[in-house]
file structure_7.cif (mmCIF, C-alpha atoms)
data_input
loop_
_atom_site.group_PDB
_atom_site.id
_atom_site.type_symbol
_atom_site.label_atom_id
_atom_site.label_comp_id
_atom_site.auth_asym_id
_atom_site.auth_seq_id
_atom_site.Cartn_x
_atom_site.Cartn_y
_atom_site.Cartn_z
ATOM 1 C CA GLU A 1 -13.555 -22.972 4.771
ATOM 2 C CA ASP A 2 -10.140 -23.097 6.420
ATOM 3 C CA GLN A 3 -9.016 -25.713 3.893
ATOM 4 C CA MET A 4 -8.396 -22.906 1.433
ATOM 5 C CA SER A 5 -4.713 -22.067 1.314
ATOM 6 C CA PHE A 6 -2.552 -19.479 -0.422
ATOM 7 C CA HIS A 7 -1.182 -20.060 -3.908
ATOM 8 C CA ASP A 8 2.551 -20.533 -4.425
ATOM 9 C CA PRO A 9 4.039 -17.028 -4.834
ATOM 10 C CA PHE A 10 6.526 -18.366 -7.395
ATOM 11 C CA LEU A 11 3.637 -18.946 -9.797
ATOM 12 C CA LEU A 12 3.735 -15.184 -10.276
ATOM 13 C CA GLU A 13 5.800 -14.325 -13.339
ATOM 14 C CA GLY A 14 9.173 -12.782 -12.486
ATOM 15 C CA MET A 15 9.073 -13.572 -8.771
ATOM 16 C CA ASP A 16 12.372 -15.478 -8.845
ATOM 17 C CA ILE A 17 14.116 -12.548 -10.563
ATOM 18 C CA ALA A 18 12.774 -10.138 -7.936
ATOM 19 C CA ILE A 19 13.882 -12.338 -5.037
ATOM 20 C CA ASP A 20 17.394 -12.798 -6.438
ATOM 21 C CA ARG A 21 17.782 -9.048 -6.954
ATOM 22 C CA VAL A 22 16.567 -8.177 -3.449
ATOM 23 C CA PHE A 23 18.922 -10.678 -1.819
ATOM 24 C CA GLN A 24 21.797 -9.347 -3.919
ATOM 25 C CA ALA A 25 20.961 -5.833 -2.666
ATOM 26 C CA ILE A 26 20.867 -7.043 0.946
ATOM 27 C CA GLU A 27 24.179 -8.862 0.597
ATOM 28 C CA GLU A 28 25.898 -5.888 -0.996
ATOM 29 C CA ASN A 29 24.422 -3.343 1.414
ATOM 30 C CA GLU A 30 22.647 -1.471 -1.355
ATOM 31 C CA LYS A 31 20.004 1.093 -0.471
ATOM 32 C CA ILE A 32 16.491 -0.022 -1.454
ATOM 33 C CA LEU A 33 13.647 2.450 -1.933
ATOM 34 C CA ILE A 34 10.001 1.371 -1.777
ATOM 35 C CA PHE A 35 7.883 3.639 -3.974
ATOM 36 C CA GLY A 36 4.266 3.553 -2.827
ATOM 37 C CA ASP A 37 0.911 5.176 -3.425
ATOM 38 C CA TYR A 38 -1.065 7.536 -1.198
ATOM 39 C CA ASP A 39 -4.273 5.542 -0.632
ATOM 40 C CA ALA A 40 -4.996 2.820 1.932
ATOM 41 C CA ASP A 41 -3.852 0.056 -0.437
ATOM 42 C CA GLY A 42 -0.622 1.937 -1.180
ATOM 43 C CA VAL A 43 -0.008 2.726 2.480
ATOM 44 C CA SER A 44 -0.501 -0.889 3.578
ATOM 45 C CA SER A 45 1.579 -2.154 0.621
ATOM 46 C CA THR A 46 4.415 0.179 1.614
ATOM 47 C CA SER A 47 4.196 -0.849 5.280
ATOM 48 C CA VAL A 48 4.184 -4.599 4.608
ATOM 49 C CA LEU A 49 7.187 -4.489 2.274
ATOM 50 C CA TYR A 50 9.057 -2.107 4.601
ATOM 51 C CA LEU A 51 8.535 -4.413 7.598
ATOM 52 C CA THR A 52 9.532 -7.457 5.536
ATOM 53 C CA LEU A 53 12.753 -5.898 4.252
ATOM 54 C CA GLN A 54 13.583 -4.613 7.737
ATOM 55 C CA GLU A 55 13.162 -8.147 9.028
ATOM 56 C CA LEU A 56 15.711 -9.240 6.408
ATOM 57 C CA GLU A 57 18.020 -6.439 7.615
ATOM 58 C CA ALA A 58 17.975 -4.591 4.307
ATOM 59 C CA LYS A 59 18.870 -0.909 4.081
ATOM 60 C CA VAL A 60 15.392 0.248 3.161
ATOM 61 C CA ASP A 61 13.293 3.373 3.086
ATOM 62 C CA PHE A 62 9.989 4.349 1.540
ATOM 63 C CA TYR A 63 8.745 7.198 -0.620
ATOM 64 C CA ILE A 64 5.139 8.148 -1.244
ATOM 65 C CA PRO A 65 4.460 10.910 -3.764
ATOM 66 C CA ASN A 66 2.381 13.904 -2.720
ATOM 67 C CA ARG A 67 -0.974 13.815 -4.481
ATOM 68 C CA PHE A 68 -0.961 17.584 -5.116
ATOM 69 C CA THR A 69 2.624 18.392 -6.009
ATOM 70 C CA GLU A 70 3.585 15.145 -7.746
ATOM 71 C CA GLY A 71 0.380 13.362 -8.720
ATOM 72 C CA TYR A 72 -0.095 9.630 -9.062
ATOM 73 C CA GLY A 73 2.656 7.120 -9.713
ATOM 74 C CA PRO A 74 6.421 7.274 -10.161
ATOM 75 C CA ASN A 75 7.833 10.575 -11.406
ATOM 76 C CA LYS A 76 11.242 11.557 -12.738
ATOM 77 C CA ASN A 77 11.993 14.104 -10.014
ATOM 78 C CA ALA A 78 11.480 11.489 -7.318
ATOM 79 C CA PHE A 79 13.705 9.042 -9.200
ATOM 80 C CA LYS A 80 16.350 11.746 -9.656
ATOM 81 C CA TRP A 81 16.216 12.398 -5.889
ATOM 82 C CA ALA A 82 16.489 8.646 -5.184
ATOM 83 C CA HIS A 83 19.562 8.398 -7.392
ATOM 84 C CA GLU A 84 21.174 11.394 -5.669
ATOM 85 C CA GLN A 85 20.474 9.775 -2.292
ATOM 86 C CA GLY A 86 22.309 6.643 -3.427
ATOM 87 C CA TYR A 87 19.425 4.213 -3.909
ATOM 88 C CA SER A 88 20.251 1.551 -6.485
ATOM 89 C CA LEU A 89 17.068 -0.543 -6.315
ATOM 90 C CA ILE A 90 13.515 0.793 -6.450
ATOM 91 C CA ILE A 91 10.522 -1.436 -5.749
ATOM 92 C CA THR A 92 7.136 0.029 -6.647
ATOM 93 C CA VAL A 93 4.075 -1.146 -4.717
ATOM 94 C CA ASP A 94 0.463 -0.692 -5.867
ATOM 95 C CA THR A 95 1.728 1.500 -8.718
ATOM 96 C CA GLY A 96 4.208 1.589 -11.595
ATOM 97 C CA ILE A 97 2.606 -0.520 -14.322
ATOM 98 C CA SER A 98 2.027 2.618 -16.435
ATOM 99 C CA ALA A 99 5.372 4.269 -15.714
ATOM 100 C CA ALA A 100 7.246 3.326 -18.905
ATOM 101 C CA ASP A 101 9.022 6.705 -19.312
ATOM 102 C CA GLU A 102 9.909 6.967 -15.649
ATOM 103 C CA VAL A 103 11.395 3.465 -15.603
ATOM 104 C CA ASP A 104 13.459 4.279 -18.716
ATOM 105 C CA TYR A 105 14.771 7.299 -16.830
ATOM 106 C CA ALA A 106 15.640 5.188 -13.760
ATOM 107 C CA ASN A 107 17.458 2.730 -16.033
ATOM 108 C CA GLU A 108 19.440 5.600 -17.588
ATOM 109 C CA LEU A 109 20.509 6.642 -14.095
ATOM 110 C CA GLY A 110 21.687 3.096 -13.442
ATOM 111 C CA MET A 111 18.987 2.087 -10.964
ATOM 112 C CA ASP A 112 17.071 -1.187 -11.144
ATOM 113 C CA VAL A 113 13.277 -1.089 -10.838
ATOM 114 C CA ILE A 114 11.056 -3.952 -9.708
ATOM 115 C CA ILE A 115 7.366 -3.234 -10.278
ATOM 116 C CA THR A 116 4.635 -4.809 -8.168
ATOM 117 C CA ASP A 117 1.156 -3.688 -9.176
ATOM 118 C CA HIS A 118 -2.399 -4.850 -9.812
ATOM 119 C CA HIS A 119 -3.816 -2.041 -11.958
ATOM 120 C CA GLU A 120 -4.878 -2.691 -15.566
ATOM 121 C CA PRO A 121 -1.673 -3.232 -17.602
ATOM 122 C CA PRO A 122 -1.253 -0.817 -20.561
ATOM 123 C CA ASP A 123 -0.162 -1.923 -24.043
ATOM 124 C CA VAL A 124 3.379 -0.689 -23.513
ATOM 125 C CA LEU A 125 4.914 -2.164 -20.372
ATOM 126 C CA PRO A 126 7.808 -0.491 -18.544
ATOM 127 C CA LYS A 127 11.258 -1.953 -19.170
ATOM 128 C CA ALA A 128 11.692 -2.814 -15.505
ATOM 129 C CA LEU A 129 14.053 -5.487 -14.232
ATOM 130 C CA THR A 130 10.898 -7.505 -13.581
ATOM 131 C CA ILE A 131 7.162 -6.914 -13.185
ATOM 132 C CA ILE A 132 5.134 -8.828 -10.620
ATOM 133 C CA HIS A 133 1.488 -8.573 -11.607
ATOM 134 C CA PRO A 134 -1.232 -11.257 -11.343
ATOM 135 C CA LYS A 135 -2.828 -10.222 -14.644
ATOM 136 C CA LEU A 136 0.518 -10.631 -16.426
ATOM 137 C CA SER A 137 1.009 -14.106 -14.935
ATOM 138 C CA PRO A 138 -0.779 -16.729 -17.064
ATOM 139 C CA SER A 139 -0.033 -19.516 -14.567
ATOM 140 C CA TYR A 140 -1.158 -17.576 -11.477
ATOM 141 C CA PRO A 141 -4.638 -18.849 -10.558
ATOM 142 C CA PHE A 142 -6.036 -15.649 -9.016
ATOM 143 C CA LYS A 143 -6.032 -12.316 -10.859
ATOM 144 C CA GLU A 144 -7.874 -10.052 -8.385
ATOM 145 C CA LEU A 145 -5.296 -9.357 -5.662
ATOM 146 C CA ALA A 146 -5.081 -5.779 -4.388
ATOM 147 C CA GLY A 147 -1.697 -4.038 -4.475
ATOM 148 C CA VAL A 148 -1.005 -5.184 -0.929
ATOM 149 C CA GLY A 149 -1.975 -8.749 -1.892
ATOM 150 C CA VAL A 150 0.765 -8.724 -4.531
ATOM 151 C CA VAL A 151 3.213 -7.372 -1.928
ATOM 152 C CA PHE A 152 2.122 -10.138 0.440
ATOM 153 C CA LYS A 153 3.120 -12.695 -2.223
ATOM 154 C CA LEU A 154 6.511 -10.975 -2.617
ATOM 155 C CA ALA A 155 6.962 -10.980 1.175
ATOM 156 C CA SER A 156 6.030 -14.684 1.327
ATOM 157 C CA ALA A 157 8.629 -15.487 -1.329
ATOM 158 C CA LEU A 158 11.301 -13.361 0.379
ATOM 159 C CA LEU A 159 10.712 -14.851 3.827
ATOM 160 C CA GLY A 160 10.087 -18.404 2.641
ATOM 161 C CA ARG A 161 6.849 -18.470 4.628
ATOM 162 C CA GLU A 162 3.495 -16.685 4.743
ATOM 163 C CA PRO A 163 4.015 -13.777 7.138
ATOM 164 C CA GLU A 164 0.770 -14.137 9.095
ATOM 165 C CA GLU A 165 1.900 -11.288 11.348
ATOM 166 C CA TYR A 166 1.225 -8.800 8.524
ATOM 167 C CA MET A 167 -2.254 -10.140 7.783
ATOM 168 C CA GLU A 168 -4.165 -7.274 9.354
ATOM 169 C CA LEU A 169 -2.218 -4.802 7.220
ATOM 170 C CA VAL A 170 -2.807 -6.905 4.108
ATOM 171 C CA SER A 171 -6.524 -7.009 4.884
ATOM 172 C CA ILE A 172 -6.725 -3.203 5.237
ATOM 173 C CA GLY A 173 -5.529 -2.559 1.688
ATOM 174 C CA THR A 174 -7.592 -5.454 0.355
ATOM 175 C CA VAL A 175 -10.891 -4.253 1.833
ATOM 176 C CA ALA A 176 -10.207 -0.563 1.188
ATOM 177 C CA ASP A 177 -9.391 -1.202 -2.480
ATOM 178 C CA LEU A 178 -12.776 -2.875 -3.059
ATOM 179 C CA VAL A 179 -11.391 -5.940 -4.828
ATOM 180 C CA PRO A 180 -13.732 -8.970 -4.913
ATOM 181 C CA LEU A 181 -13.508 -10.835 -1.584
ATOM 182 C CA VAL A 182 -13.131 -14.280 -3.114
ATOM 183 C CA ASP A 183 -10.271 -16.797 -3.296
ATOM 184 C CA GLU A 184 -7.075 -15.429 -1.714
ATOM 185 C CA ASN A 185 -8.713 -12.098 -0.893
ATOM 186 C CA ARG A 186 -11.328 -13.862 1.195
ATOM 187 C CA LEU A 187 -8.628 -15.724 3.084
ATOM 188 C CA ILE A 188 -6.634 -12.517 3.615
ATOM 189 C CA VAL A 189 -9.623 -10.691 5.072
ATOM 190 C CA LYS A 190 -10.723 -13.614 7.223
ATOM 191 C CA LYS A 191 -7.266 -13.986 8.771
ATOM 192 C CA GLY A 192 -6.742 -10.230 8.876
ATOM 193 C CA VAL A 193 -9.947 -9.480 10.775
ATOM 194 C CA ARG A 194 -9.141 -12.244 13.253
ATOM 195 C CA GLN A 195 -5.736 -10.663 13.815
ATOM 196 C CA LEU A 196 -7.037 -7.100 14.006
ATOM 197 C CA LYS A 197 -9.169 -8.135 17.002
ATOM 198 C CA GLN A 198 -6.011 -8.823 18.977
ATOM 199 C CA THR A 199 -3.544 -6.579 17.177
ATOM 200 C CA SER A 200 -0.395 -5.578 19.013
ATOM 201 C CA ARG A 201 0.297 -2.768 16.525
ATOM 202 C CA GLU A 202 0.071 0.449 18.538
ATOM 203 C CA GLY A 203 -0.805 2.517 15.466
ATOM 204 C CA LEU A 204 -3.776 0.355 14.556
ATOM 205 C CA LYS A 205 -4.879 0.173 18.189
ATOM 206 C CA ALA A 206 -4.863 3.965 18.392
ATOM 207 C CA LEU A 207 -6.768 4.226 15.108
ATOM 208 C CA LEU A 208 -9.423 1.767 16.311
ATOM 209 C CA GLU A 209 -9.707 3.599 19.605
ATOM 210 C CA ILE A 210 -10.118 7.040 18.070
ATOM 211 C CA SER A 211 -12.757 5.754 15.655
ATOM 212 C CA GLY A 212 -14.716 4.423 18.644
ATOM 213 C CA THR A 213 -14.414 0.777 17.673
ATOM 214 C CA SER A 214 -14.521 -1.809 20.459
ATOM 215 C CA PRO A 215 -12.234 -4.809 19.837
ATOM 216 C CA ASP A 216 -15.066 -7.374 19.937
ATOM 217 C CA SER A 217 -17.076 -5.534 17.272
ATOM 218 C CA ILE A 218 -14.248 -5.644 14.729
ATOM 219 C CA SER A 219 -15.283 -6.990 11.313
ATOM 220 C CA GLU A 220 -14.488 -6.213 7.685
ATOM 221 C CA GLU A 221 -16.900 -3.263 8.063
ATOM 222 C CA THR A 222 -14.447 -1.845 10.617
ATOM 223 C CA ILE A 223 -11.767 -1.848 7.945
ATOM 224 C CA GLY A 224 -14.094 -0.473 5.284
ATOM 225 C CA PHE A 225 -15.643 2.316 7.335
ATOM 226 C CA ALA A 226 -13.304 3.081 10.247
ATOM 227 C CA ILE A 227 -9.713 2.316 9.226
ATOM 228 C CA GLY A 228 -9.630 2.626 5.416
ATOM 229 C CA PRO A 229 -11.223 6.098 5.159
ATOM 230 C CA ARG A 230 -8.963 7.510 7.881
ATOM 231 C CA ILE A 231 -5.832 6.271 6.135
ATOM 232 C CA ASN A 232 -7.196 7.529 2.805
ATOM 233 C CA ALA A 233 -7.921 10.972 4.293
ATOM 234 C CA VAL A 234 -4.222 11.539 4.969
ATOM 235 C CA GLY A 235 -3.218 11.162 1.323
ATOM 236 C CA ARG A 236 -6.286 13.019 0.079
ATOM 237 C CA LEU A 237 -5.350 16.183 1.953
ATOM 238 C CA GLY A 238 -1.590 16.133 1.588
ATOM 239 C CA ASP A 239 1.364 13.865 2.170
ATOM 240 C CA ALA A 240 0.515 10.239 3.073
ATOM 241 C CA LYS A 241 3.771 9.597 4.932
ATOM 242 C CA PRO A 242 2.083 10.161 8.346
ATOM 243 C CA ALA A 243 -0.258 7.257 7.570
ATOM 244 C CA VAL A 244 2.671 4.873 7.052
ATOM 245 C CA ASP A 245 4.385 6.320 10.126
ATOM 246 C CA LEU A 246 1.256 5.616 12.171
ATOM 247 C CA VAL A 247 0.995 2.036 10.940
ATOM 248 C CA LEU A 248 4.668 1.424 11.774
ATOM 249 C CA GLU A 249 4.614 3.254 15.138
ATOM 250 C CA ASN A 250 5.499 1.047 18.128
ATOM 251 C CA ASN A 251 5.361 3.713 20.817
ATOM 252 C CA ARG A 252 1.936 3.992 22.396
ATOM 253 C CA ASP A 253 1.962 7.730 23.138
ATOM 254 C CA LEU A 254 3.329 8.617 19.725
ATOM 255 C CA ALA A 255 0.749 6.336 18.112
ATOM 256 C CA LYS A 256 -2.029 8.152 20.000
ATOM 257 C CA SER A 257 -0.878 11.595 18.921
ATOM 258 C CA ARG A 258 -0.377 10.408 15.324
ATOM 259 C CA ALA A 259 -3.898 8.951 15.329
ATOM 260 C CA GLU A 260 -5.277 12.234 16.687
ATOM 261 C CA GLN A 261 -3.607 14.144 13.849
ATOM 262 C CA ILE A 262 -5.138 11.710 11.374
ATOM 263 C CA GLU A 263 -8.555 12.087 12.998
ATOM 264 C CA LEU A 264 -8.332 15.860 12.467
ATOM 265 C CA LEU A 265 -7.480 15.291 8.801
ATOM 266 C CA ASN A 266 -10.404 12.891 8.483
ATOM 267 C CA ARG A 267 -12.833 15.445 9.955
ATOM 268 C CA GLU A 268 -11.420 18.104 7.663
ATOM 269 C CA ARG A 269 -12.004 15.807 4.709
ATOM 270 C CA GLN A 270 -15.581 15.089 5.814
ATOM 271 C CA GLU A 271 -16.279 18.809 6.164
ATOM 272 C CA LEU A 272 -14.822 19.457 2.718
ATOM 273 C CA VAL A 273 -17.086 16.799 1.236
ATOM 274 C CA THR A 274 -20.123 18.280 3.014
ATOM 275 C CA THR A 275 -19.271 21.799 1.823
ATOM 276 C CA MET A 276 -18.701 20.596 -1.739
ATOM 277 C CA THR A 277 -22.002 18.712 -1.686
ATOM 278 C CA GLU A 278 -23.878 21.757 -0.383
ATOM 279 C CA GLU A 279 -22.267 23.968 -3.023
ATOM 280 C CA ALA A 280 -23.202 21.492 -5.735
ATOM 281 C CA ILE A 281 -26.806 21.313 -4.514
ATOM 282 C CA ASN A 282 -27.052 25.106 -4.459
ATOM 283 C CA GLN A 283 -25.661 25.342 -7.987
ATOM 284 C CA VAL A 284 -28.264 22.838 -9.186
ATOM 285 C CA LYS A 285 -31.035 24.825 -7.432
ATOM 286 C CA GLU A 286 -29.843 28.039 -9.050
ATOM 287 C CA LEU A 287 -29.748 26.328 -12.423
ATOM 288 C CA ASP A 288 -33.256 25.025 -11.851
ATOM 289 C CA SER A 289 -34.669 28.430 -10.993
ATOM 290 C CA SER A 290 -32.929 30.147 -13.895
ATOM 291 C CA CYS A 291 -34.116 27.478 -16.335
ATOM 292 C CA SER A 292 -37.769 27.446 -15.319
#

call {"tool": "encode", "arguments": {"input": "structure_7.cif", "output": "structure tokens"}}
result
Amino acid sequence: EDQMSFHDPFLLEGMDIAIDRVFQAIEENEKILIFGDYDADGVSSTSVLYLTLQELEAKVDFYIPNRFTEGYGPNKNAFKWAHEQGYSLIITVDTGISAADEVDYANELGMDVIITDHHEPPDVLPKALTIIHPKLSPSYPFKELAGVGVVFKLASALLGREPEEYMELVSIGTVADLVPLVDENRLIVKKGVRQLKQTSREGLKALLEISGTSPDSISEETIGFAIGPRINAVGRLGDAKPAVDLVLENNRDLAKSRAEQIELLNRERQELVTTMTEEAINQVKELDSSCS
């Protein structure tokens, strides 16, 4: 079982181009913007790349679109804002493969875009500086990585080692995104669960605590039913930035209050679902009685 090891990240098409561009940005003190997505895979993807680039002392920030005001994926207003703020390199995580127009716009503004994604590639690919995507990499042996799995490969290439310390974050996005738990995904989750049991991340500790999970009962179910849905709830009801902030939070008290806020959002989401279900059932009943 433990004989299984990770594939070489440089088997992913375009990885070398991405690495060169990131190191150029670090050397020249350019501002890098990570553009994420608002679900658990997007939140963990954003967190892992942010931590990696911080470790490399890059000038880095992240941006997650608001589901209601901006919708899914890169948008021109966000790219316009990024350009005005002086970002010259944008790296998308768990999104971007369908953003051909938006990438054209970024190029017009003189920004470089690196896309990392795992969603089904469309016929027309964006004219990004490079696209890192398992399904667009004929020589990459495993096609089913989640968005955060692809970011993990980028992080491994950037750091020149597999950053085991991010494994629990990589496993969160992997389980929550319901990709098949075989090959690399299986290894990610196995290592991630092991690490979650003894995590030193205050944000995750607070999240486990508030969901009533005891450390010794942690399994992939914990990720699927306790952690994933709570992170997803944040982006479903508004802006997902608090979810990334929680994951990155090192201060225990702040982590607790952030987790409490997220718990409230999660309850609100559950109540919304219950209300919507009841309304739907009542509509069906009314239909039934009016039809008979």

call {"tool": "resolve_selection", "arguments": {"input": "structure_7.cif", "expression": "the PyMOL selection byres ((chain A and resi 131) around 7)", "output": "ChimeraX atom specification"}}
result
/A:14,114-116,128,130,132-133

call {"tool": "resolve_selection", "arguments": {"input": "structure_7.cif", "expression": "the PyMOL selection byres ((chain A and resi 235) around 10)", "output": "list in words"}}
result
Asp37, Tyr38, Asp39, Ala40, Gly42, Val43, Ile64, Pro65, Asn66, Arg67, Phe68, Arg230, Ile231, Asn232, Ala233, Val234, Arg236, Leu237, Gly238, Asp239, Ala240, Lys241, Pro242, Ala243 and Leu265 of chain A

call {"tool": "residues_near_point", "arguments": {"input": "structure_7.cif", "point": "(6.8, 6.6, -19.5)", "cutoff": "12 Å", "atoms": "all atoms listed in the file", "output": "PyMOL selection string"}}
result
chain A and resi 73-76+96-107+122-128

call {"tool": "residues_around", "arguments": {"input": "structure_7.cif", "residues": "A:Ser44", "least_positions_apart": "6", "cutoff": "8 Å", "atoms": "all atoms listed in the file", "output": "NGL selection string"}}
result
:A and (148 or 169-170 or 172-173 or 244)

call {"tool": "resolve_selection", "arguments": {"input": "structure_7.cif", "expression": "the PyMOL selection byres ((chain A and resi 111) around 12)", "output": "PyMOL selection string"}}
result
chain A and resi 21+25+30-33+79-91+102-110+112-114+127-129

call {"tool": "atom_distance", "arguments": {"input": "structure_7.cif", "atom1": "atom CA of A:Tyr166", "atom2": "atom CA of A:Val48"}}
result
6.5 Å

call {"tool": "residues_near_point", "arguments": {"input": "structure_7.cif", "point": "(-11.5, -11.0, 12.4)", "cutoff": "12 Å", "atoms": "all atoms listed in the file", "output": "PyMOL selection string"}}
result
chain A and resi 167-168+171-172+186-199+215-223

call {"tool": "residues_around", "arguments": {"input": "structure_7.cif", "residues": "stretch 152-156 of chain A", "least_positions_apart": "2", "cutoff": "10 Å", "atoms": "all atoms listed in the file", "output": "JSON, numbers by chain"}}
result
{"A": [6, 7, 8, 9, 10, 11, 12, 15, 16, 18, 19, 45, 48, 49, 50, 51, 52, 53, 116, 132, 145, 146, 147, 148, 149, 150, 158, 159, 160, 161, 162, 163, 164, 166, 167, 169, 170, 188]}

call {"tool": "write_last_selection", "arguments": {"input": "structure_7.cif", "atoms": "C-alpha atoms", "output": "compact mmCIF listing (two decimals), in the coordinates of the input"}}
result
# COMPACT_ATOMS: atom_id res chain seq x y z
CA PHE A 6 -2.55 -19.48 -0.42
CA HIS A 7 -1.18 -20.06 -3.91
CA ASP A 8 2.55 -20.53 -4.42
CA PRO A 9 4.04 -17.03 -4.83
CA PHE A 10 6.53 -18.37 -7.40
CA LEU A 11 3.64 -18.95 -9.80
CA LEU A 12 3.74 -15.18 -10.28
CA MET A 15 9.07 -13.57 -8.77
CA ASP A 16 12.37 -15.48 -8.85
CA ALA A 18 12.77 -10.14 -7.94
CA ILE A 19 13.88 -12.34 -5.04
CA SER A 45 1.58 -2.15 0.62
CA VAL A 48 4.18 -4.60 4.61
CA LEU A 49 7.19 -4.49 2.27
CA TYR A 50 9.06 -2.11 4.60
CA LEU A 51 8.54 -4.41 7.60
CA THR A 52 9.53 -7.46 5.54
CA LEU A 53 12.75 -5.90 4.25
CA THR A 116 4.64 -4.81 -8.17
CA ILE A 132 5.13 -8.83 -10.62
CA LEU A 145 -5.30 -9.36 -5.66
CA ALA A 146 -5.08 -5.78 -4.39
CA GLY A 147 -1.70 -4.04 -4.47
CA VAL A 148 -1.00 -5.18 -0.93
CA GLY A 149 -1.98 -8.75 -1.89
CA VAL A 150 0.76 -8.72 -4.53
CA LEU A 158 11.30 -13.36 0.38
CA LEU A 159 10.71 -14.85 3.83
CA GLY A 160 10.09 -18.40 2.64
CA ARG A 161 6.85 -18.47 4.63
CA GLU A 162 3.50 -16.68 4.74
CA PRO A 163 4.01 -13.78 7.14
CA GLU A 164 0.77 -14.14 9.10
CA TYR A 166 1.23 -8.80 8.52
CA MET A 167 -2.25 -10.14 7.78
CA LEU A 169 -2.22 -4.80 7.22
CA VAL A 170 -2.81 -6.90 4.11
CA ILE A 188 -6.63 -12.52 3.62

call {"tool": "axis_aligned_box", "arguments": {"input": "structure_7.cif", "around": "stretch 28-31 of chain A", "padding_each_side": "3 Å", "output": "AutoDock Vina command-line options"}}
result
--center_x 23.0 --center_y -2.4 --center_z 0.0 --size_x 11.9 --size_y 13.0 --size_z 8.8

call {"tool": "closest_residue", "arguments": {"input": "structure_7.cif", "among": "A:Glu13, A:Ile34, A:Ile281, A:Leu287", "to": "A:Pro134", "atoms": "all atoms listed in the file"}}
result
A:Glu13

call {"tool": "atom_distance", "arguments": {"input": "structure_7.cif", "atom1": "atom CA of A:Val179", "atom2": "atom CA of A:Gly224"}}
result
11.8 Å

call {"tool": "atom_distance", "arguments": {"input": "structure_7.cif", "atom1": "atom CA of A:Ala226", "atom2": "atom CA of A:Glu279"}}
result
26.3 Å

call {"tool": "closest_residue", "arguments": {"input": "structure_7.cif", "among": "A:Lys205, A:Lys59, A:Lys135, A:His119", "to": "A:Leu254", "atoms": "all atoms listed in the file"}}
result
A:Lys205

call {"tool": "closest_residue", "arguments": {"input": "structure_7.cif", "among": "A:Gln270, A:Glu28, A:Ala176, A:Val247", "to": "A:Ser200", "atoms": "all atoms listed in the file"}}
result
A:Val247

call {"tool": "closest_residue", "arguments": {"input": "structure_7.cif", "among": "A:Phe142, A:Glu286, A:Gly228, A:Gly212", "to": "A:Glu184", "atoms": "all atoms listed in the file"}}
result
A:Phe142

call {"tool": "closest_residue", "arguments": {"input": "structure_7.cif", "among": "A:Pro138, A:Ala206, A:Ile227, A:Gln24", "to": "A:Asn266", "atoms": "all atoms listed in the file"}}
result
A:Ile227

call {"tool": "build_atoms", "arguments": {"input": "structure_7.cif", "residues": "stretch 149-157 of chain A", "atoms": "N, CA, C and O atoms", "output": "PDB file, in the frame of the given file"}}
result
ATOM      1  N   GLY A 149      -1.958  -7.295  -1.709  1.00  0.00           N
ATOM      2  CA  GLY A 149      -1.975  -8.749  -1.892  1.00  0.00           C
ATOM      3  C   GLY A 149      -0.759  -9.196  -2.688  1.00  0.00           C
ATOM      4  O   GLY A 149      -0.124 -10.208  -2.373  1.00  0.00           O
ATOM      5  N   VAL A 150      -0.415  -8.418  -3.716  1.00  0.00           N
ATOM      6  CA  VAL A 150       0.765  -8.724  -4.531  1.00  0.00           C
ATOM      7  C   VAL A 150       2.032  -8.593  -3.671  1.00  0.00           C
ATOM      8  O   VAL A 150       2.932  -9.434  -3.726  1.00  0.00           O
ATOM      9  N   VAL A 151       2.070  -7.550  -2.822  1.00  0.00           N
ATOM     10  CA  VAL A 151       3.213  -7.372  -1.928  1.00  0.00           C
ATOM     11  C   VAL A 151       3.307  -8.531  -0.931  1.00  0.00           C
ATOM     12  O   VAL A 151       4.393  -9.001  -0.607  1.00  0.00           O
ATOM     13  N   PHE A 152       2.149  -9.002  -0.474  1.00  0.00           N
ATOM     14  CA  PHE A 152       2.122 -10.138   0.440  1.00  0.00           C
ATOM     15  C   PHE A 152       2.746 -11.377  -0.216  1.00  0.00           C
ATOM     16  O   PHE A 152       3.475 -12.141   0.433  1.00  0.00           O
ATOM     17  N   LYS A 153       2.507 -11.566  -1.507  1.00  0.00           N
ATOM     18  CA  LYS A 153       3.120 -12.695  -2.223  1.00  0.00           C
ATOM     19  C   LYS A 153       4.633 -12.512  -2.310  1.00  0.00           C
ATOM     20  O   LYS A 153       5.393 -13.457  -2.134  1.00  0.00           O
ATOM     21  N   LEU A 154       5.074 -11.277  -2.563  1.00  0.00           N
ATOM     22  CA  LEU A 154       6.511 -10.975  -2.617  1.00  0.00           C
ATOM     23  C   LEU A 154       7.140 -11.234  -1.240  1.00  0.00           C
ATOM     24  O   LEU A 154       8.200 -11.853  -1.137  1.00  0.00           O
ATOM     25  N   ALA A 155       6.459 -10.776  -0.188  1.00  0.00           N
ATOM     26  CA  ALA A 155       6.962 -10.980   1.175  1.00  0.00           C
ATOM     27  C   ALA A 155       7.045 -12.472   1.495  1.00  0.00           C
ATOM     28  O   ALA A 155       8.020 -12.937   2.102  1.00  0.00           O
ATOM     29  N   SER A 156       6.035 -13.239   1.075  1.00  0.00           N
ATOM     30  CA  SER A 156       6.030 -14.684   1.327  1.00  0.00           C
ATOM     31  C   SER A 156       7.221 -15.353   0.645  1.00  0.00           C
ATOM     32  O   SER A 156       7.869 -16.232   1.218  1.00  0.00           O
ATOM     33  N   ALA A 157       7.498 -14.911  -0.590  1.00  0.00           N
ATOM     34  CA  ALA A 157       8.629 -15.487  -1.329  1.00  0.00           C
ATOM     35  C   ALA A 157       9.962 -15.089  -0.682  1.00  0.00           C
ATOM     36  O   ALA A 157      10.876 -15.907  -0.566  1.00  0.00           O
TER      37      ALA A 157
END
